[in-house]
Structure formats: C-alpha cells, structure tokens
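Quick look at protein_37.tsv (TSV, C-alpha atoms):
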```
chain	number	residue	atom	x	y	z
A	1	MET	CA	0.00	0.00	0.00
A	2	LYS	CA	1.21	3.48	-0.87
A	3	ILE	CA	0.01	6.51	1.09
A	4	ALA	CA	0.22	10.15	0.06
A	5	VAL	CA	0.76	12.20	3.21
A	6	VAL	CA	-0.02	15.92	2.96
A	7	GLY	CA	1.94	18.04	5.41
A	8	ALA	CA	4.34	15.14	5.90
A	9	ASN	CA	6.85	17.11	7.98
A	10	GLY	CA	4.38	18.76	10.35
A	11	ASN	CA	3.65	17.75	13.94
A	12	LEU	CA	0.98	15.23	12.95
A	13	GLY	CA	2.14	14.45	9.42
A	14	ALA	CA	5.66	13.46	10.51
A	15	ARG	CA	4.18	11.00	12.98
A	16	VAL	CA	1.86	9.55	10.34
A	17	THR	CA	4.81	9.22	7.97
A	18	LYS	CA	7.04	7.43	10.48
A	19	GLN	CA	4.34	5.08	11.71
A	20	ALA	CA	3.28	4.16	8.18
A	21	LEU	CA	6.88	3.46	7.13
A	22	ASP	CA	7.59	1.49	10.30
A	23	ARG	CA	4.61	-0.72	9.44
A	24	GLY	CA	5.88	-1.51	5.97
A	25	LEU	CA	3.81	0.96	3.95
A	26	GLN	CA	5.18	3.21	1.23
A	27	VAL	CA	4.88	6.95	1.78
A	28	LYS	CA	4.84	9.75	-0.76
A	29	GLY	CA	5.12	12.84	1.38
A	30	PHE	CA	4.04	16.31	0.27
A	31	ILE	CA	5.69	19.23	2.03
A	32	TYR	CA	5.37	22.94	1.37
A	33	ASN	CA	8.70	23.90	2.91
A	34	GLY	CA	11.31	22.40	5.17
A	35	GLU	CA	12.99	19.03	5.01
A	36	SER	CA	11.94	15.42	4.73
A	37	PRO	CA	10.70	13.96	8.02
A	38	ASP	CA	12.11	10.54	7.16
A	39	ALA	CA	14.75	9.47	4.64
A	40	ARG	CA	12.65	6.44	3.70
A	41	ALA	CA	9.82	8.58	2.30
A	42	GLU	CA	9.50	9.76	-1.28
A	43	ILE	CA	9.17	13.54	-1.02
A	44	VAL	CA	7.39	16.01	-3.30
A	45	LYS	CA	7.75	19.71	-2.47
A	46	LYS	CA	4.24	20.98	-3.16
A	47	SER	CA	1.50	22.55	-1.12
A	48	LEU	CA	-1.90	20.90	-0.97
A	49	PHE	CA	-3.36	23.53	-3.29
A	50	ASP	CA	-0.70	22.89	-5.95
A	51	MET	CA	-1.22	19.12	-6.00
A	52	THR	CA	-2.72	17.42	-9.05
A	53	LYS	CA	-4.51	14.12	-9.58
A	54	GLU	CA	-1.43	12.91	-11.42
A	55	ASP	CA	0.71	13.52	-8.33
A	56	ILE	CA	-1.18	10.87	-6.38
A	57	GLU	CA	-2.39	8.50	-9.09
A	58	ASP	CA	0.08	5.89	-7.77
A	59	CYS	CA	-1.30	6.12	-4.20
A	60	ASP	CA	-4.00	3.98	-2.62
A	61	VAL	CA	-4.71	6.36	0.26
A	62	MET	CA	-4.35	10.09	0.85
A	63	ILE	CA	-3.85	11.16	4.46
A	64	SER	CA	-4.00	14.90	4.98
A	65	ALA	CA	-2.60	16.57	8.06
A	66	TYR	CA	-3.23	19.99	6.52
A	67	GLY	CA	-4.06	22.91	8.74
A	68	SER	CA	-4.10	26.55	7.72
A	69	GLY	CA	-2.43	27.76	10.89
A	70	PHE	CA	-3.81	30.42	13.19
A	71	LYS	CA	-2.70	33.47	11.20
A	72	ALA	CA	-3.95	32.48	7.72
A	73	ASP	CA	-7.39	33.08	6.23
A	74	PRO	CA	-9.74	30.63	8.03
A	75	ALA	CA	-11.55	30.03	4.72
A	76	LEU	CA	-8.52	28.04	3.57
A	77	ASN	CA	-9.77	25.21	5.76
A	78	ARG	CA	-13.01	24.90	3.76
A	79	GLN	CA	-11.07	25.27	0.52
A	80	ALA	CA	-8.85	22.38	1.58
A	81	PHE	CA	-11.86	20.07	1.59
A	82	LEU	CA	-12.87	21.28	-1.85
A	83	LYS	CA	-9.34	20.42	-2.99
A	84	TYR	CA	-9.67	16.94	-1.48
A	85	ILE	CA	-12.79	16.43	-3.56
A	86	GLU	CA	-11.04	17.66	-6.72
A	87	LEU	CA	-8.18	15.20	-6.15
A	88	ASN	CA	-10.13	12.13	-5.03
A	89	ASP	CA	-13.70	12.20	-6.33
A	90	ASN	CA	-14.55	9.33	-8.68
A	91	THR	CA	-11.41	7.40	-7.73
A	92	PRO	CA	-10.99	4.28	-5.55
A	93	ARG	CA	-8.56	6.20	-3.30
A	94	HIS	CA	-9.42	6.53	0.39
A	95	LEU	CA	-9.13	10.10	1.67
A	96	ILE	CA	-8.39	10.38	5.39
A	97	ALA	CA	-8.31	14.02	6.48
A	98	VAL	CA	-7.72	15.53	9.88
A	99	GLY	CA	-10.63	17.63	11.10
A	100	GLY	CA	-11.06	19.59	14.29
A	101	ALA	CA	-12.84	19.10	17.59
A	102	GLY	CA	-14.67	22.36	16.98
A	103	SER	CA	-16.53	20.81	14.06
A	104	LEU	CA	-18.10	18.16	16.32
A	105	PHE	CA	-21.31	18.45	18.31
A	106	THR	CA	-20.87	19.10	22.00
A	107	ASP	CA	-22.84	16.03	23.09
A	108	GLU	CA	-25.29	13.34	22.01
A	109	THR	CA	-28.19	15.81	21.72
A	110	HIS	CA	-26.54	17.30	18.61
A	111	THR	CA	-27.99	20.72	19.36
A	112	ALA	CA	-24.77	22.78	19.19
A	113	TYR	CA	-21.37	22.52	17.59
A	114	VAL	CA	-18.31	22.92	19.78
A	115	TYR	CA	-17.22	26.02	17.83
A	116	GLU	CA	-20.52	27.71	18.74
A	117	THR	CA	-19.95	27.48	22.50
A	118	PRO	CA	-18.53	30.35	24.60
A	119	GLU	CA	-15.74	28.06	25.81
A	120	HIS	CA	-14.32	27.57	22.31
A	121	PRO	CA	-11.26	29.82	21.84
A	122	ASP	CA	-12.03	32.86	19.72
A	123	PHE	CA	-8.93	32.40	17.56
A	124	LEU	CA	-10.17	28.92	16.58
A	125	ARG	CA	-13.83	29.73	16.01
A	126	GLU	CA	-13.71	30.63	12.31
A	127	ILE	CA	-11.20	27.87	11.60
A	128	SER	CA	-13.51	25.30	13.18
A	129	LYS	CA	-16.53	26.70	11.37
A	130	ASN	CA	-14.78	26.42	8.02
A	131	ILE	CA	-13.67	22.85	8.73
A	132	LYS	CA	-17.31	22.03	9.45
A	133	LEU	CA	-18.36	23.68	6.17
A	134	GLY	CA	-15.71	21.66	4.35
A	135	ILE	CA	-16.98	18.42	5.85
A	136	ASP	CA	-20.46	19.39	4.68
A	137	GLU	CA	-19.07	19.52	1.13
A	138	LEU	CA	-17.59	16.02	1.51
A	139	LYS	CA	-20.96	14.70	2.63
A	140	LYS	CA	-22.48	15.81	-0.68
A	141	THR	CA	-20.16	13.56	-2.72
A	142	GLU	CA	-21.57	10.33	-4.09
A	143	HIS	CA	-18.54	8.54	-5.51
A	144	MET	CA	-15.80	9.17	-3.01
A	145	ASN	CA	-14.40	7.17	-0.12
A	146	TRP	CA	-13.54	9.54	2.73
A	147	THR	CA	-13.01	9.65	6.49
A	148	VAL	CA	-12.58	12.80	8.55
A	149	VAL	CA	-10.67	12.12	11.77
A	150	CYS	CA	-11.19	14.77	14.44
A	151	PRO	CA	-8.95	15.06	17.48
A	152	SER	CA	-10.46	15.48	20.92
A	153	SER	CA	-10.78	18.92	22.52
A	154	PHE	CA	-7.25	18.79	23.96
A	155	PHE	CA	-4.82	17.89	21.19
A	156	ASP	CA	-1.83	16.92	23.35
A	157	GLY	CA	1.47	17.53	21.58
A	158	GLU	CA	3.56	16.50	24.58
A	159	GLY	CA	1.72	13.37	25.64
A	160	PRO	CA	3.11	9.86	25.05
A	161	TRP	CA	2.18	7.34	22.39
A	162	THR	CA	-0.06	5.14	24.51
A	163	LYS	CA	-1.27	2.92	21.61
A	164	ASN	CA	-4.57	2.88	23.50
A	165	TYR	CA	-7.22	5.00	21.83
A	166	GLN	CA	-10.97	5.00	21.37
A	167	ILE	CA	-13.07	6.11	18.42
A	168	GLY	CA	-16.37	7.98	18.51
A	169	THR	CA	-18.63	7.58	15.48
A	170	GLU	CA	-21.68	9.62	16.48
A	171	GLY	CA	-20.36	13.06	15.55
A	172	HIS	CA	-19.89	14.47	19.06
A	173	LEU	CA	-17.07	14.78	21.61
A	174	ILE	CA	-15.98	11.70	23.52
A	175	TYR	CA	-14.31	11.42	26.92
A	176	ASN	CA	-12.00	8.94	28.65
A	177	ASP	CA	-12.57	7.39	32.06
A	178	ALA	CA	-10.98	10.44	33.70
A	179	GLY	CA	-13.56	12.69	32.06
A	180	GLU	CA	-11.04	14.17	29.61
A	181	SER	CA	-11.59	14.89	25.92
A	182	ARG	CA	-7.93	14.42	25.02
A	183	VAL	CA	-5.76	12.73	22.40
A	184	THR	CA	-2.00	12.67	21.86
A	185	TYR	CA	-0.50	13.33	18.43
A	186	ASP	CA	1.00	9.83	18.27
A	187	ASP	CA	-2.28	8.13	19.17
A	188	LEU	CA	-4.14	10.15	16.52
A	189	ALA	CA	-1.48	9.29	13.93
A	190	MET	CA	-1.82	5.62	14.85
A	191	ALA	CA	-5.59	5.76	14.37
A	192	MET	CA	-5.18	7.36	10.93
A	193	VAL	CA	-2.72	4.69	9.78
A	194	ASP	CA	-4.96	1.93	11.20
A	195	ILE	CA	-7.91	3.34	9.24
A	196	ALA	CA	-5.80	3.48	6.08
A	197	ARG	CA	-4.77	-0.17	6.44
A	198	ASP	CA	-8.23	-1.46	7.27
A	199	ASN	CA	-10.21	0.79	4.91
A	200	THR	CA	-12.72	1.44	7.69
A	201	TYR	CA	-15.11	4.25	8.64
A	202	ASN	CA	-15.99	5.07	5.05
A	203	LYS	CA	-17.97	8.27	4.47
A	204	MET	CA	-17.81	9.12	8.17
A	205	GLN	CA	-16.67	11.91	10.46
A	206	ILE	CA	-15.18	10.30	13.55
A	207	THR	CA	-13.26	11.46	16.59
A	208	VAL	CA	-10.33	9.86	18.40
A	209	GLY	CA	-9.47	10.06	22.08
A	210	THR	CA	-6.64	8.64	24.16
A	211	LYS	CA	-8.09	6.30	26.76
```

Output the structure of this file as structure tokens.
Amino acid sequence: MKIAVVGANGNLGARVTKQALDRGLQVKGFIYNGESPDARAEIVKKSLFDMTKEDIEDCDVMISAYGSGFKADPALNRQAFLKYIELNDNTPRHLIAVGGAGSLFTDETHTAYVYETPEHPDFLREISKNIKLGIDELKKTEHMNWTVVCPSSFFDGEGPWTKNYQIGTEGHLIYNDAGESRVTYDDLAMAMVDIARDNTYNKMQITVGTK
C-alpha cells in the first residue's frame, strides 16, 4: 500500500509518515517547505493547493494533516476540503483528512457545535466553522471514499504514544474514564494509519481520544 501524506513534515504528518513506514507501507510525502521527516519517504515539495490528480495516481490512500495555521485566512480550511474532492472524487482512493474538535457536536443531543460554544477559543472559532463547512461539502459527494478524523478537545502535543485510543462515530465529543476529551498526536497518527490499512469508517466523520 502506498500513502500520500499531505503536510508530511508537520507535527501530525511526521508522525503519520514514520508510523506508516515502520509498518511496511510506502509513503509519498508532500511538504510545502522544510525538510523530509524521514529518509525512507519519497518527497514532493508541493503545497496541498498545488497538487494534481497525477501527483497521487500511484497512491491507494491520501492522508492529509493539513491545517491553515492560526494566522492564515480561516476560509482556507473549507477550501482544503474542496481540494480533497477535486483530487479524489470518482477514484478508488481513500481520503483520510484531519478535522477539528470544533466541528463536532458538544454532546449526544446534537444541538450545538463545539465552535458555537462560549468556551471555544475565539482564535479557533472561524477555523472550526470552516472545517465544518468543508466536511459538509464532503458529505455531498456520491462517488468518493472519505473519512474525517477529528482530534479530541485537547490535542496533546507533549503526551506519550499510549497505543490505546478510542473512536467515537456519532459526531460528538468523547471522553475517557478520567472525564477528559484528550488525544495525543501519536495516538491520533496511529488511528489514521490503522484506518488506512483497514479501509474502515468510510464516508464518516469520527473522533479519536486517548483512553
């Protein structure tokens, strides 16, 4: 299996790249700037928005760790999902894209999105809203295999790789036994590679939490 990893040298993308390679998968990493995260990966220096269908025609899966960053136009996050559709619609390729906790519902009542709550950080609000709008575009597709993988509310960049995660499939936040909505970068990367290998959670927005 060959996986195209977008943002392959970022915090999440580098972990996805390493875990995929360690598990015997081929990786074609796309990076906008910087260096290769792993000498074993085939590297293409292109941003997501410069990628073409031809760039990934040899890949079975596309995993995107793209994020606009806090200082860029939040609308780029919706545009990223439109680009995913352009690249993958009407192909057998499985798109696995990182989402955001803000695009989930707060609880099982599905009455409010996390980004709509007062507790959601103001600097993330428009980013989360645009991710949600992008996911809405994915849901309109009829001939595309996709999975959006949302981290929990606390995306823990310092936490360990526990290899012990849970998946929520109902579109709202999930919590561990300690009452935390939390996931480490390594656990989220593991979930994304697992989903790529198993071809599971098709046409679904899911969330991952460290147990």

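For the pair CA of His120 (chain A) and CA of Phe70 (chain A), the separation is 14.2 Å.
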
Quiz item: Which polymer residues have any atom within 9 Å of an atom of Gly13 (chain A), counting only C-alpha atoms, with same-chain residues fewer than 4 positions away left out, as a list of chain:residue names?
Solution: A:Val5, A:Val6, A:Gly7, A:Ala8, A:Asn9, A:Thr17, A:Lys18, A:Gly29, A:Pro37, A:Ile63, A:Ser64, A:Ala65, A:Tyr66, A:Ala189

Quiz item: Do you know which residues are at most 8 Å from Lys2 (chain A) counting all atoms listed in the file, after dropping those on the same chain fewer than 4 positions away, and could you put them as a ChimeraX atom specification?
Solution: /A:25-28,58-61

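Considering the residues A:Thr210, A:Ser36, A:Asn88, A:Asn11 and counting all atoms listed in the file, Leu138 (chain A) has its shortest atom-to-atom contact with A:Asn88.
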
Practice problem: Find the residues around Phe81 (chain A) up to 9 Å (only C-alpha atoms counted), leave out those fewer than 6 positions away in its own chain, and share them as a PyMOL selection string. | Solution: chain A and resi 97+131+133-135+137-138

Practice problem: Write out as a list in words each polymer residue whose atoms come within 6 Å of Asn145 (chain A), counting all atoms listed in the file; drop sequence neighbours fewer than 4 positions from it. | Solution: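 Surrounding residues, per the criterion: His94, Asn202 and Lys203 of chain A.
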
List every residue of region 28-114 of chain A that has an atom at most 10 Å from any atom of region 168-186 of chain A, giving for each one its closest atom pair and the distance in Å to one decimal, counting only C-alpha atoms, sorted by chain and then by ascending residue number, as CSV.
```
residue,atom,partner,partner_atom,distance
A:Ala101,CA,A:Leu173,CA,7.3
A:Gly102,CA,A:Leu173,CA,9.2
A:Ser103,CA,A:His172,CA,8.7
A:Leu104,CA,A:His172,CA,4.9
A:Phe105,CA,A:His172,CA,4.3
A:Thr106,CA,A:His172,CA,5.6
A:Asp107,CA,A:His172,CA,5.2
A:Glu108,CA,A:His172,CA,6.3
A:Thr109,CA,A:His172,CA,8.8
A:His110,CA,A:His172,CA,7.2
A:Ala112,CA,A:His172,CA,9.6
A:Tyr113,CA,A:His172,CA,8.3
A:Val114,CA,A:Leu173,CA,8.4
```

Self-check item: Two-atom distance - CA of Met192 (chain A), CA of Glu35 (chain A) (Å)
Solution: 22.4 Å

Practice problem: Rounded to one decimal place, report the CA of Met204 (chain A)-CA of Leu82 (chain A) distance in Å. | Solution: 16.5 Å

Quiz prompt | Close residues, Val98 (chain A) itself excluded, 6 Å, only C-alpha atoms, min 5 positions apart in chain, as a list in words | solution =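 The residues that qualify are Ala65, Val148, Val149 and Cys150 of chain A.
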
Kindly compute an axis-aligned box around the listed atoms of region 66-73 of chain A, allowing 6 Å on each side, and express its centre and edge lengths in Å to one decimal as JSON.
```
{"center_x": -4.9, "center_y": 26.7, "center_z": 9.7, "size_x": 17.0, "size_y": 25.5, "size_z": 19.0}
```

Quiz item: Using only C-alpha atoms, can you list as an MDAnalysis selection string the residues within 8 Å of (-5.0, -0.4, 3.7)?
Solution: chainID A and resid 1 60:61 194:199

Quiz item: Which of these, A:Phe154, A:Glu116, A:Ala191, A:Ile85, has the shortest distance to Thr141 (chain A) once you count all atoms listed in the file?
Solution: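 Comparing A:Phe154, A:Glu116, A:Ala191, A:Ile85 against Thr141 (chain A), the winner is A:Ile85.
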
Quiz item: Which one of A:Phe123, A:Trp146, A:Asp73, A:Lys45 sits closest to Asn33 (chain A) if you count all atoms listed in the file?
Solution: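 Residue with the minimum atom-to-atom distance to Asn33 (chain A): A:Lys45.
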
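The shortest atom-to-atom distance to Asp55 (chain A), with all atoms listed in the file taken into account, belongs to A:Ala4 out of A:Gln166, A:Ala4, A:Gly24, A:Glu142.
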